Structures are given as structure tokens and as C-alpha cells.
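Structure below is data16.tsv: TSV, C-alpha atoms.
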chain	number	residue	atom	x	y	z
A	1252	MET	CA	-49.41	-100.09	65.49
A	1253	ALA	CA	-45.70	-99.29	65.39
A	1254	SER	CA	-43.22	-102.11	64.80
A	1255	ASN	CA	-42.45	-104.35	67.73
A	1256	GLN	CA	-39.82	-103.42	70.26
A	1257	LYS	CA	-37.18	-105.55	71.96
A	1258	TRP	CA	-37.60	-106.30	75.63
A	1259	ASN	CA	-35.79	-108.28	78.25
A	1260	LEU	CA	-37.39	-111.13	80.10
A	1261	GLU	CA	-36.93	-109.65	83.58
A	1262	SER	CA	-38.80	-106.41	82.76
A	1263	PHE	CA	-41.48	-108.36	80.94
A	1264	LEU	CA	-42.06	-110.71	83.88
A	1265	ASP	CA	-42.06	-107.79	86.34
A	1266	SER	CA	-44.83	-106.10	84.34
A	1267	LEU	CA	-46.80	-109.30	83.83
A	1268	ILE	CA	-46.75	-110.09	87.55
A	1269	VAL	CA	-47.65	-106.54	88.57
A	1270	GLU	CA	-50.55	-106.51	86.07
A	1271	LEU	CA	-51.78	-109.84	87.36
A	1272	ASP	CA	-51.52	-108.68	90.97
A	1273	LYS	CA	-53.55	-105.59	90.13
A	1274	ALA	CA	-56.24	-107.74	88.53
A	1275	ARG	CA	-56.35	-110.02	91.55
A	1276	GLU	CA	-56.66	-107.05	93.91
A	1277	THR	CA	-59.56	-105.65	91.87
A	1278	LEU	CA	-61.28	-109.03	91.85
A	1279	ALA	CA	-60.84	-109.30	95.64
A	1280	VAL	CA	-62.66	-105.96	96.06
A	1281	LYS	CA	-65.41	-107.16	93.74
A	1282	ALA	CA	-65.81	-110.31	95.83
A	1283	ILE	CA	-66.80	-108.20	98.84
A	1284	ASN	CA	-70.06	-107.11	97.23
A	1285	LYS	CA	-70.77	-109.82	94.73
A	1286	PRO	CA	-71.24	-113.28	96.22
A	1287	LEU	CA	-70.30	-115.18	93.08
A	1288	THR	CA	-66.96	-114.00	91.75
A	1289	TYR	CA	-63.93	-115.75	90.41
A	1290	ALA	CA	-60.28	-115.54	91.37
A	1291	VAL	CA	-57.42	-116.15	88.96
A	1292	LYS	CA	-55.81	-119.46	89.74
A	1293	ASP	CA	-53.53	-120.13	86.77
A	1294	VAL	CA	-52.33	-118.03	83.89
A	1295	ASN	CA	-50.36	-119.46	81.04
A	1296	LEU	CA	-49.11	-117.21	78.30
A	1297	GLU	CA	-47.56	-118.75	75.23
A	1298	MET	CA	-45.88	-116.25	72.98
A	1299	GLN	CA	-44.48	-116.30	69.48
A	1300	LEU	CA	-41.20	-114.44	69.51
A	1301	PHE	CA	-37.63	-114.18	68.33
A	1302	PRO	CA	-34.73	-114.11	70.75
A	1303	SER	CA	-31.65	-112.04	69.99
A	1304	PHE	CA	-28.23	-111.80	71.60
A	1305	ASP	CA	-26.10	-108.69	71.24
A	1306	GLY	CA	-23.01	-110.15	72.92
A	1307	LYS	CA	-24.08	-109.02	76.37
A	1308	LYS	CA	-27.70	-109.84	76.91
A	1309	VAL	CA	-30.53	-111.87	75.50
A	1310	GLN	CA	-33.57	-109.91	74.40
A	1311	PHE	CA	-36.85	-110.88	72.83
A	1312	ILE	CA	-39.08	-109.39	70.20
A	1313	THR	CA	-42.60	-110.59	69.46
A	1314	ALA	CA	-43.17	-111.95	65.98
A	1315	GLU	CA	-44.80	-109.66	63.43
A	1316	PRO	CA	-47.48	-110.63	60.90
A	1317	GLY	CA	-46.04	-112.60	58.03
A	1318	GLN	CA	-42.90	-113.69	59.89
A	1319	SER	CA	-42.35	-117.41	60.14
A	1320	GLY	CA	-40.08	-119.58	62.26
A	1321	ALA	CA	-40.78	-117.80	65.52
A	1322	SER	CA	-39.80	-119.44	68.79
A	1323	LYS	CA	-42.36	-120.23	71.37
A	1324	ILE	CA	-42.00	-119.25	74.99
A	1325	GLY	CA	-44.50	-120.29	77.63
A	1326	ILE	CA	-44.86	-118.47	80.90
A	1327	GLN	CA	-46.87	-120.23	83.51
A	1328	LEU	CA	-47.99	-118.38	86.59
A	1329	GLY	CA	-49.98	-119.79	89.41
A	1330	SER	CA	-51.21	-123.30	89.97
A	1331	ILE	CA	-52.00	-122.63	93.58
A	1332	THR	CA	-54.68	-123.90	95.90
A	1333	ASP	CA	-57.82	-121.98	96.92
A	1334	GLN	CA	-56.30	-121.37	100.31
A	1335	GLN	CA	-53.17	-119.93	98.74
A	1336	ILE	CA	-55.26	-117.67	96.50
A	1337	ARG	CA	-56.88	-116.23	99.61
A	1338	LYS	CA	-53.55	-115.98	101.37
A	1339	THR	CA	-51.66	-114.38	98.50
A	1340	THR	CA	-54.37	-112.01	97.32
A	1341	LYS	CA	-53.80	-108.76	99.09
A	1342	LYS	CA	-56.62	-107.30	101.07
A	1343	PRO	CA	-57.98	-104.05	99.62
A	1344	VAL	CA	-56.44	-100.86	101.02
A	1345	THR	CA	-58.60	-99.87	103.98
A	1346	LYS	CA	-59.69	-96.43	105.16
A	1347	ASP	CA	-57.06	-96.19	107.87
A	1348	ASP	CA	-54.34	-97.12	105.39
A	1349	VAL	CA	-52.95	-94.94	102.60
A	1350	SER	CA	-52.35	-96.20	99.08
A	1351	LEU	CA	-49.05	-95.19	97.50
A	1352	GLU	CA	-50.97	-94.21	94.36
A	1353	VAL	CA	-52.34	-91.10	96.05
A	1354	ILE	CA	-49.04	-89.76	97.34
A	1355	ASP	CA	-47.81	-87.20	94.83
A	1356	GLU	CA	-44.37	-86.92	96.43
A	1357	ILE	CA	-43.54	-90.49	95.45
A	1358	ASP	CA	-42.51	-90.52	91.81
A	1359	GLU	CA	-43.80	-93.17	89.45
A	1360	GLU	CA	-40.48	-95.00	89.23
A	1361	THR	CA	-40.32	-95.41	93.03
A	1362	ARG	CA	-43.96	-96.48	93.06
A	1363	ASP	CA	-43.23	-99.14	90.43
A	1364	ASP	CA	-40.18	-100.35	92.36
A	1365	LEU	CA	-42.27	-100.67	95.51
A	1366	ARG	CA	-45.08	-102.44	93.73
A	1367	LYS	CA	-42.60	-104.98	92.36
A	1368	ILE	CA	-41.68	-105.93	95.90
A	1369	GLY	CA	-45.35	-106.05	96.90
A	1370	VAL	CA	-45.61	-102.70	98.66
A	1371	SER	CA	-48.63	-100.67	97.61
A	1372	SER	CA	-49.71	-99.03	100.85
A	1373	VAL	CA	-48.39	-97.63	104.11
A	1374	ASN	CA	-49.33	-100.79	106.01
A	1375	ASP	CA	-47.39	-102.93	103.52
A	1376	LEU	CA	-44.31	-100.84	104.19
A	1377	ALA	CA	-44.77	-101.18	107.95
A	1378	GLU	CA	-45.10	-104.94	107.51
A	1379	ILE	CA	-41.84	-105.37	105.60
A	1380	GLU	CA	-40.07	-103.07	108.06
A	1381	ARG	CA	-41.40	-105.23	110.89
A	1382	LYS	CA	-39.89	-108.27	109.18
A	1383	ASN	CA	-36.54	-106.49	109.03
A	1384	VAL	CA	-36.27	-106.43	105.24
A	1385	ASP	CA	-33.41	-104.28	104.01
A	1386	LEU	CA	-35.29	-101.94	101.71
A	1387	GLU	CA	-32.13	-100.35	100.32
A	1388	LYS	CA	-30.80	-103.73	99.25
A	1389	VAL	CA	-34.11	-104.90	97.79
A	1390	SER	CA	-34.62	-101.69	95.83
A	1391	LYS	CA	-31.00	-101.45	94.67
A	1392	LYS	CA	-30.27	-98.48	96.98
A	1393	LYS	CA	-33.06	-96.36	95.54
A	1394	LEU	CA	-35.26	-96.38	98.62
A	1395	ASN	CA	-34.91	-96.18	102.35
A	1396	TYR	CA	-37.38	-96.39	105.17
A	1397	ARG	CA	-36.74	-93.01	106.70
A	1398	LYS	CA	-37.36	-91.09	103.48
A	1399	LEU	CA	-40.45	-93.10	102.66
A	1400	ALA	CA	-41.83	-93.18	106.18
A	1401	GLY	CA	-41.79	-89.38	106.27
A	1402	LEU	CA	-43.70	-89.12	103.00
A	1403	LEU	CA	-46.20	-91.75	104.05
A	1404	GLN	CA	-46.83	-90.28	107.47
A	1405	LYS	CA	-47.36	-86.90	105.91
A	1406	ALA	CA	-49.92	-88.38	103.52
A	1407	ARG	CA	-51.62	-90.27	106.30
A	1408	ARG	CA	-51.77	-87.15	108.45
A	1409	SER	CA	-53.41	-85.16	105.66
A	1410	ASN	CA	-56.35	-87.57	105.89
A	1411	PHE	CA	-56.89	-86.44	109.47
A	1412	PRO	CA	-56.47	-82.67	109.58
A	1413	PRO	CA	-56.59	-81.14	113.07
A	1414	SER	CA	-59.39	-78.81	114.04
A	1415	VAL	CA	-59.69	-76.69	117.19
A	1416	ARG	CA	-63.16	-76.20	118.61
A	1417	LYS	CA	-62.40	-74.41	121.83
A	1418	ALA	CA	-59.42	-73.03	123.73
A	1419	SER	CA	-59.89	-71.64	127.24
A	1420	PHE	CA	-57.94	-70.72	130.34
A	1421	SER	CA	-58.97	-72.21	133.67
A	1422	MET	CA	-57.61	-72.84	137.14
A	1423	ALA	CA	-57.10	-76.37	138.44
A	1424	GLN	CA	-55.67	-76.75	141.93
A	1425	GLU	CA	-54.13	-73.28	141.85
A	1426	VAL	CA	-52.42	-74.04	138.54
A	1427	PRO	CA	-53.51	-72.05	135.49
A	1428	LEU	CA	-54.39	-74.37	132.66
A	1429	LEU	CA	-54.96	-73.84	128.98
A	1430	LYS	CA	-57.32	-76.41	127.58
A	1431	VAL	CA	-57.53	-76.92	123.82
A	1432	GLU	CA	-60.42	-79.03	122.56
A	1433	GLY	CA	-60.97	-80.28	119.05
A	1434	GLU	CA	-60.44	-83.21	116.73
A	1435	ASN	CA	-57.37	-85.05	115.42
A	1436	LEU	CA	-55.04	-83.10	117.68
A	1437	ALA	CA	-52.41	-85.54	118.99
A	1438	ILE	CA	-52.88	-88.73	117.01
A	1439	ASP	CA	-49.36	-90.04	116.77
A	1440	GLN	CA	-48.05	-91.36	120.08
A	1441	GLN	CA	-44.53	-91.47	118.65
A	1442	TYR	CA	-44.22	-87.73	118.96
A	1443	ASP	CA	-44.53	-85.52	122.02
A	1444	PRO	CA	-46.41	-82.37	121.10
A	1445	VAL	CA	-44.74	-79.02	121.64
A	1446	ALA	CA	-46.60	-75.83	122.64
A	1447	ILE	CA	-45.48	-72.21	122.60
A	1448	LEU	CA	-47.67	-69.62	124.30
A	1449	ASN	CA	-46.84	-66.00	123.60
A	1450	GLY	CA	-43.32	-66.92	122.51
A	1451	GLN	CA	-42.49	-69.24	125.41
A	1452	MET	CA	-42.54	-72.97	125.57
A	1453	VAL	CA	-45.10	-74.38	127.99
A	1454	GLU	CA	-45.47	-77.78	129.59
A	1455	ILE	CA	-48.01	-80.20	128.16
A	1456	LEU	CA	-49.81	-82.09	130.91
A	1457	SER	CA	-51.85	-84.35	128.68
A	1458	ALA	CA	-52.38	-84.81	124.98
A	1459	SER	CA	-55.02	-86.85	123.24
A	1460	ARG	CA	-56.90	-86.89	119.97
A	1461	SER	CA	-59.60	-84.57	121.30
A	1462	GLU	CA	-57.94	-82.57	124.06
A	1463	LEU	CA	-54.66	-80.92	125.01
A	1464	ALA	CA	-54.02	-79.62	128.51
A	1465	LEU	CA	-51.19	-77.12	128.93
A	1466	LYS	CA	-49.72	-75.84	132.19
A	1467	VAL	CA	-49.08	-72.11	131.87
A	1468	ASN	CA	-47.50	-69.46	134.09
A	1469	LYS	CA	-49.84	-66.70	135.19
A	1470	GLU	CA	-47.33	-64.09	133.99
A	1471	LEU	CA	-47.46	-65.48	130.50
A	1472	ILE	CA	-51.17	-64.87	130.06
A	1473	ARG	CA	-51.90	-61.56	128.43
A	1474	ASP	CA	-55.00	-59.54	129.13
A	1475	LYS	CA	-56.35	-59.44	125.61
A	1476	GLU	CA	-54.90	-61.51	122.84
A	1477	ASN	CA	-52.78	-64.62	123.38
A	1478	GLU	CA	-51.04	-66.59	120.70
A	1479	LEU	CA	-50.61	-70.34	120.93
A	1480	ILE	CA	-48.49	-72.28	118.46
A	1481	MET	CA	-48.82	-76.07	118.63
A	1482	ALA	CA	-46.79	-78.75	116.90
A	1483	CYS	CA	-48.59	-82.07	117.40
A	1484	ASP	CA	-46.19	-83.99	115.15
A	1485	PRO	CA	-43.72	-83.04	112.39
A	1486	PHE	CA	-46.57	-82.56	109.89
A	1487	THR	CA	-49.11	-80.78	112.05
A	1488	ILE	CA	-48.44	-77.28	113.21
A	1489	PHE	CA	-51.20	-74.82	113.96
A	1490	LYS	CA	-51.55	-71.37	115.46
A	1491	VAL	CA	-54.54	-70.12	117.44
A	1492	LYS	CA	-55.34	-66.71	118.86
A	1493	ILE	CA	-57.04	-66.81	122.25
A	1494	ASN	CA	-58.87	-63.79	123.63
A	1495	ASN	CA	-58.77	-63.46	127.37
A	1496	PRO	CA	-61.75	-61.28	128.31
B	680	MET	CA	-43.80	-88.18	74.21
B	681	ASN	CA	-44.18	-91.09	76.58
B	682	PRO	CA	-44.99	-94.24	74.59
B	683	LYS	CA	-48.34	-95.86	75.28
B	684	VAL	CA	-50.02	-99.13	74.51
B	685	ASP	CA	-52.05	-99.02	71.27
B	686	GLU	CA	-55.54	-97.71	72.07
B	687	ALA	CA	-57.20	-100.74	70.49
B	688	PHE	CA	-55.57	-102.92	73.15
B	689	LEU	CA	-56.46	-103.40	76.80
B	690	HIS	CA	-53.95	-103.36	79.61
B	691	PHE	CA	-53.29	-106.93	80.68
B	692	THR	CA	-55.01	-106.21	84.02
B	693	GLU	CA	-58.16	-105.10	82.19
B	694	LEU	CA	-58.15	-108.16	79.96
B	695	ILE	CA	-57.93	-110.48	82.98
B	696	GLU	CA	-60.69	-108.53	84.74
B	697	GLU	CA	-62.92	-108.72	81.68
B	698	LEU	CA	-62.32	-112.42	81.24
B	699	SER	CA	-63.03	-113.08	84.93
B	700	ASP	CA	-66.32	-111.20	84.87
B	701	ILE	CA	-68.53	-114.25	84.64
B	702	ASP	CA	-72.08	-114.59	85.77
B	703	GLY	CA	-71.53	-118.00	87.32
B	704	LEU	CA	-75.14	-118.86	88.02
B	705	VAL	CA	-76.76	-121.31	85.64
B	706	ARG	CA	-80.52	-121.40	85.98
B	707	GLU	CA	-83.14	-123.30	84.12
B	708	PRO	CA	-85.31	-120.91	82.12
B	709	GLY	CA	-88.83	-120.30	83.35
B	710	GLU	CA	-90.13	-118.83	86.55
B	711	GLU	CA	-91.40	-121.97	88.19
B	712	THR	CA	-88.18	-123.93	88.22
B	713	HIS	CA	-85.99	-123.67	91.28
B	714	ILE	CA	-82.97	-125.55	90.09
B	715	ALA	CA	-79.79	-123.55	89.74
B	716	MET	CA	-76.12	-124.40	89.49
B	717	GLU	CA	-73.06	-122.38	90.30
B	718	ILE	CA	-69.89	-122.69	88.30
B	719	GLU	CA	-66.94	-123.72	90.48
B	720	GLU	CA	-64.07	-123.49	88.06
B	721	VAL	CA	-63.58	-122.05	84.59
B	722	GLU	CA	-60.80	-122.88	82.20
B	723	MET	CA	-60.35	-120.91	79.03
B	724	GLU	CA	-57.81	-120.85	76.28
B	725	LEU	CA	-57.87	-118.14	73.69
B	726	PRO	CA	-55.68	-116.51	71.09
B	727	ILE	CA	-54.66	-112.97	71.88
B	728	GLN	CA	-52.75	-110.21	70.18
B	729	LEU	CA	-50.05	-108.49	72.18
B	730	ASP	CA	-48.70	-104.96	72.01
B	731	ILE	CA	-45.49	-104.75	74.02
B	732	VAL	CA	-44.23	-101.20	74.44
B	733	ILE	CA	-41.13	-100.07	76.29
B	734	ASP	CA	-41.49	-96.70	77.97
B	735	GLU	CA	-38.67	-94.20	78.39
B	736	ARG	CA	-37.63	-95.78	81.70
B	737	GLY	CA	-37.35	-99.24	80.15
B	738	LYS	CA	-40.56	-100.45	81.76
B	739	VAL	CA	-42.57	-102.95	79.74
B	740	LEU	CA	-46.18	-101.90	79.07
B	741	LEU	CA	-48.31	-104.86	78.21
B	742	GLY	CA	-51.32	-104.45	75.94
B	743	SER	CA	-53.43	-107.44	74.96
B	744	VAL	CA	-56.67	-108.12	73.19
B	745	PRO	CA	-58.56	-111.09	71.72
B	746	PRO	CA	-58.30	-111.15	67.91
B	747	LEU	CA	-59.38	-107.72	66.71
B	748	TYR	CA	-60.76	-108.49	63.28
B	749	ASN	CA	-62.71	-111.40	61.96
B	750	VAL	CA	-61.68	-110.94	58.36
B	751	SER	CA	-59.55	-113.25	56.34
B	752	THR	CA	-56.41	-111.54	55.02
B	753	SER	CA	-53.43	-112.62	52.98
B	754	PHE	CA	-51.43	-113.07	56.16
B	755	ASN	CA	-52.83	-113.21	59.66
B	756	PRO	CA	-51.84	-111.18	62.69
B	757	VAL	CA	-49.65	-113.05	65.18
B	758	PHE	CA	-51.74	-114.80	67.76
B	759	HIS	CA	-50.28	-115.72	71.11
B	760	GLN	CA	-52.08	-118.14	73.36
B	761	LEU	CA	-53.51	-117.26	76.76
B	762	SER	CA	-54.83	-119.93	79.12
B	763	LEU	CA	-56.63	-118.92	82.23
B	764	LYS	CA	-58.01	-120.94	85.09
B	765	LEU	CA	-60.51	-119.24	87.34
B	766	LYS	CA	-61.69	-120.56	90.63
B	767	ARG	CA	-64.75	-119.46	92.53
B	768	HIS	CA	-63.85	-116.85	95.15
B	769	LEU	CA	-64.84	-118.26	98.54

Show me this structure written as C-alpha cells.
Amino acid sequence: MASNQKWNLESFLDSLIVELDKARETLAVKAINKPLTYAVKDVNLEMQLFPSFDGKKVQFITAEPGQSGASKIGIQLGSITDQQIRKTTKKPVTKDDVSLEVIDEIDEETRDDLRKIGVSSVNDLAEIERKNVDLEKVSKKKLNYRKLAGLLQKARRSNFPPSVRKASFSMAQEVPLLKVEGENLAIDQQYDPVAILNGQMVEILSASRSELALKVNKELIRDKENELIMACDPFTIFKVKINNP
Amino acid sequence: MNPKVDEAFLHFTELIEELSDIDGLVREPGEETHIAMEIEEVEMELPIQLDIVIDERGKVLLGSVPPLYNVSTSFNPVFHQLSLKLKRHL
């Protein structure tokens, strides 16, 4: 083991708390399957160390074998009731949520910063946004909602890729319709889908997860091959070729 | 190279998970007895060794392990003290 390194109390506490949170989250998952599990109520860490002051900041270094006269620092975390344990232990990330760990676009430093403020999934981020927390202030201007929200939505969307099963032209009350059937088509109500048929934008009459109905001009429909480009949301664009026999 | 915690040490999360992995059912031996007790709360206090590493971004990596060797030497490793209180998950 290399010789001990100096550290500052803030970074140490950040890491200790994050590590403890991780352990509590794992234990909460375990409790789902195993009826008799234990949650961490109190942790008390008493360390042998030497403080040092370089004129600007106080740092600590843990004592090495053979050194005597070390100071003792005790860090006590917890002492909460059962109810608080349940309240403060985060629920495991569910299927419809996305953990920040799996989003490659978020670098490790940002991930650590988010974890420190208790954000480890998309739903956590939505929750702090709902409570009007100024993310830029909390993260010392390193993060903002818009940038993160884009990355998170993209990741969430990749869990539900669109698939087209059938696309067909039909007539409904003298109006030619193009019906696209499939799965995970329009899943985000925040965005209005956009459709382009053979190079021209067409009106979307209805859009749902499993079906899109487009109003098309007769003149637009080609005899043989038709090309439809659909943008369901900023992260989902697909192109289909439709043969008109 | 990015510094890492010594491989003989566990991450603090792992240590807590290991220490919390308790089979809390106490049963009288023998097949015919039907008396069993469940542990409600566990308190433990143990010496641990710490390996505190600072990575290139200044982040503290915390490695910890119960005493590694049970051999008497001319001077002992530094033991820090960890106390843990576990409560049954309801």
C-alpha cells in the first residue's frame, strides 16, 4: 500500500455519504426478496489521523503504522427512526425510470455531482425540478436542466425503440388517410409528431403509442413507391417506404 | 493511471453490505422444535483498516477492511473504529 494521502473533510464526507447511500439502496433491493434483512441505522467512524494547515486550508492524513500521537476524529451518521429509514432510503430504480449510471453521455464527474445532491435517476431529476431547485446553483454552474433533460430523454427513449408493423392508405369520408401501425410510436405527449410524405409535410390527425393517422392529399400519393419520414419526438426519426399497388 | 483503492480492501459500500448480511433467524437445533427468534437490532463495533485514495479529480475513494492479518508484529497497523447499528427492515 502506498503512503497515505492528504484529504479534505468535505470530499471525505461526500464520499462517505455517497458510499453509505449506495449500501442502503442495495439493502433496500435485497429487502424486496428476502423477508428478514437489516437496514443501516447508525454509522460511527472513529479515525486516527493528523490534521495539517498550509495557511489556507485544513487537511487530514490518516496515521501510518508506527506513528504515535494521532488525533481522533469521530464521524457519526444516522441515529434515525425506523420510519425515517424507510422515508430516506431511496426506492430502487424502476423499469420505467432510467439510472444515470447507464447513460454514457453523462461523464463520471457530472454523475458524481448529481449523486451528491441525491439524483441518481431520471425521476429524481424530475422531482427536484418539480420542487424548483436551482440546479446550476446547487452544482456550482456545472449542470443545467435543459442539457441534462435532453440526455435523459434520449436515454429513456432508447429503451422504447419505435417499430412499424403496417402502413396503408385508405379512404375515410372522402379523405385519403395514411395509417401507420406499430409500437412505441408517439410516446411523449410533449412533442407533436411531424410527418413528411414524398417531400411534403402532411397533417397528423391522431397520434398514439400504437397508431398514427395522417391526412394526405390524393396528388401526393405516388403509384408505386412512397416515402414517409416521421419525427415522433427529437430522438425518434424513422423513414418507411410504402408500396401502393 | 487513475489511482485505485488497494485490492486487499473493500469499497466502504461493500463493507457495509457484507456486515449487514445477517441471517437474523435464531432457531433451536433439532427438527421437532418450533421455537424461533428473529433479531430486531444489531450493534457492532469493530476495528478496521482504511485506505484513503485521492483520484485525479480530487475525489476521495474509501477502502476499508477488518484487520487483514492476525499476526503479531513489532508495530501494528493503524486501526480505526467502526460502529454500526442495524435495524430490521420492515

Give me, as an mmCIF file with C-alpha atoms, keeping the file's coordinate frame, the residues of chain A touching chain B, with the criterion being at most 9 Å (counting only C-alpha atoms).
data_model
loop_
_atom_site.group_PDB
_atom_site.id
_atom_site.type_symbol
_atom_site.label_atom_id
_atom_site.label_comp_id
_atom_site.auth_asym_id
_atom_site.auth_seq_id
_atom_site.Cartn_x
_atom_site.Cartn_y
_atom_site.Cartn_z
ATOM 1 C CA MET A 1252 -49.410 -100.090 65.490
ATOM 2 C CA ALA A 1253 -45.700 -99.290 65.390
ATOM 3 C CA ASN A 1255 -42.450 -104.350 67.730
ATOM 4 C CA GLN A 1256 -39.820 -103.420 70.260
ATOM 5 C CA LYS A 1257 -37.180 -105.550 71.960
ATOM 6 C CA TRP A 1258 -37.600 -106.300 75.630
ATOM 7 C CA ASN A 1259 -35.790 -108.280 78.250
ATOM 8 C CA SER A 1262 -38.800 -106.410 82.760
ATOM 9 C CA PHE A 1263 -41.480 -108.360 80.940
ATOM 10 C CA LEU A 1264 -42.060 -110.710 83.880
ATOM 11 C CA ASP A 1265 -42.060 -107.790 86.340
ATOM 12 C CA SER A 1266 -44.830 -106.100 84.340
ATOM 13 C CA LEU A 1267 -46.800 -109.300 83.830
ATOM 14 C CA VAL A 1269 -47.650 -106.540 88.570
ATOM 15 C CA GLU A 1270 -50.550 -106.510 86.070
ATOM 16 C CA LEU A 1271 -51.780 -109.840 87.360
ATOM 17 C CA ASP A 1272 -51.520 -108.680 90.970
ATOM 18 C CA LYS A 1273 -53.550 -105.590 90.130
ATOM 19 C CA ALA A 1274 -56.240 -107.740 88.530
ATOM 20 C CA ARG A 1275 -56.350 -110.020 91.550
ATOM 21 C CA THR A 1277 -59.560 -105.650 91.870
ATOM 22 C CA LEU A 1278 -61.280 -109.030 91.850
ATOM 23 C CA ALA A 1279 -60.840 -109.300 95.640
ATOM 24 C CA ALA A 1282 -65.810 -110.310 95.830
ATOM 25 C CA PRO A 1286 -71.240 -113.280 96.220
ATOM 26 C CA LEU A 1287 -70.300 -115.180 93.080
ATOM 27 C CA THR A 1288 -66.960 -114.000 91.750
ATOM 28 C CA TYR A 1289 -63.930 -115.750 90.410
ATOM 29 C CA ALA A 1290 -60.280 -115.540 91.370
ATOM 30 C CA VAL A 1291 -57.420 -116.150 88.960
ATOM 31 C CA LYS A 1292 -55.810 -119.460 89.740
ATOM 32 C CA ASP A 1293 -53.530 -120.130 86.770
ATOM 33 C CA VAL A 1294 -52.330 -118.030 83.890
ATOM 34 C CA ASN A 1295 -50.360 -119.460 81.040
ATOM 35 C CA LEU A 1296 -49.110 -117.210 78.300
ATOM 36 C CA GLU A 1297 -47.560 -118.750 75.230
ATOM 37 C CA MET A 1298 -45.880 -116.250 72.980
ATOM 38 C CA GLN A 1299 -44.480 -116.300 69.480
ATOM 39 C CA ILE A 1312 -39.080 -109.390 70.200
ATOM 40 C CA THR A 1313 -42.600 -110.590 69.460
ATOM 41 C CA ALA A 1314 -43.170 -111.950 65.980
ATOM 42 C CA GLU A 1315 -44.800 -109.660 63.430
ATOM 43 C CA PRO A 1316 -47.480 -110.630 60.900
ATOM 44 C CA GLY A 1317 -46.040 -112.600 58.030
ATOM 45 C CA GLN A 1318 -42.900 -113.690 59.890
ATOM 46 C CA GLY A 1325 -44.500 -120.290 77.630
ATOM 47 C CA SER A 1330 -51.210 -123.300 89.970
ATOM 48 C CA ASP A 1333 -57.820 -121.980 96.920
ATOM 49 C CA ILE A 1336 -55.260 -117.670 96.500
ATOM 50 C CA ARG A 1337 -56.880 -116.230 99.610
ATOM 51 C CA GLU A 1360 -40.480 -95.000 89.230
#

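Counting from atom CA of Leu1465 of chain A, the distance to atom CA of Asp1439 of chain A is 17.8 Å.
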
**Separation of atom CA of Val1370 of chain A from atom CA of Leu1351 of chain A, in Å and rounded to one decimal** =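 Between atom CA of Val1370 of chain A and atom CA of Leu1351 of chain A the gap is 8.3 Å.
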
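As for atom CA of Ala1400 of chain A and atom CA of Glu1380 of chain A, they are spaced 10.2 Å apart.
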
**Counting all atoms listed in the file, the option among A:Ser1372, A:Asn1410, A:Ser1419, A:Ser1319 closest to Glu1462 of chain A** =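 The closest residue to Glu1462 of chain A is A:Ser1419.
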
**Request:** Please provide the set of residues having any atom within 12 Å of Ala1377 of chain A, restricted to only C-alpha atoms, with same-chain residues fewer than 6 positions apart removed, written as a PyMOL selection string.
**Result:** chain A and resi 1348-1349+1370-1371+1383-1384+1386+1396-1397+1399-1400+1403-1404

**Fill in**
With distances taken over all atoms listed in the file, the candidate from A:Lys1405, A:Arg1460, A:Lys1382, A:Lys1469 nearest Ile1438 of chain A is A:Arg1460

Kindly list the centre and edge lengths in Å, rounded to one decimal, for the axis-aligned box that covers all listed atoms of segment 684-691 of chain B plus 8 Å on each of its six sides, as JSON.
{"center_x": -53.6, "center_y": -102.3, "center_z": 75.6, "size_x": 23.2, "size_y": 25.2, "size_z": 26.2}

**Residue nearest Asn1495 of chain A - candidates A:Val1453, A:Ala1418, A:Ala1437, A:Ala1446, atoms counted: all atoms listed in the file** =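 The shortest atom-to-atom distance to Asn1495 of chain A comes from A:Ala1418.
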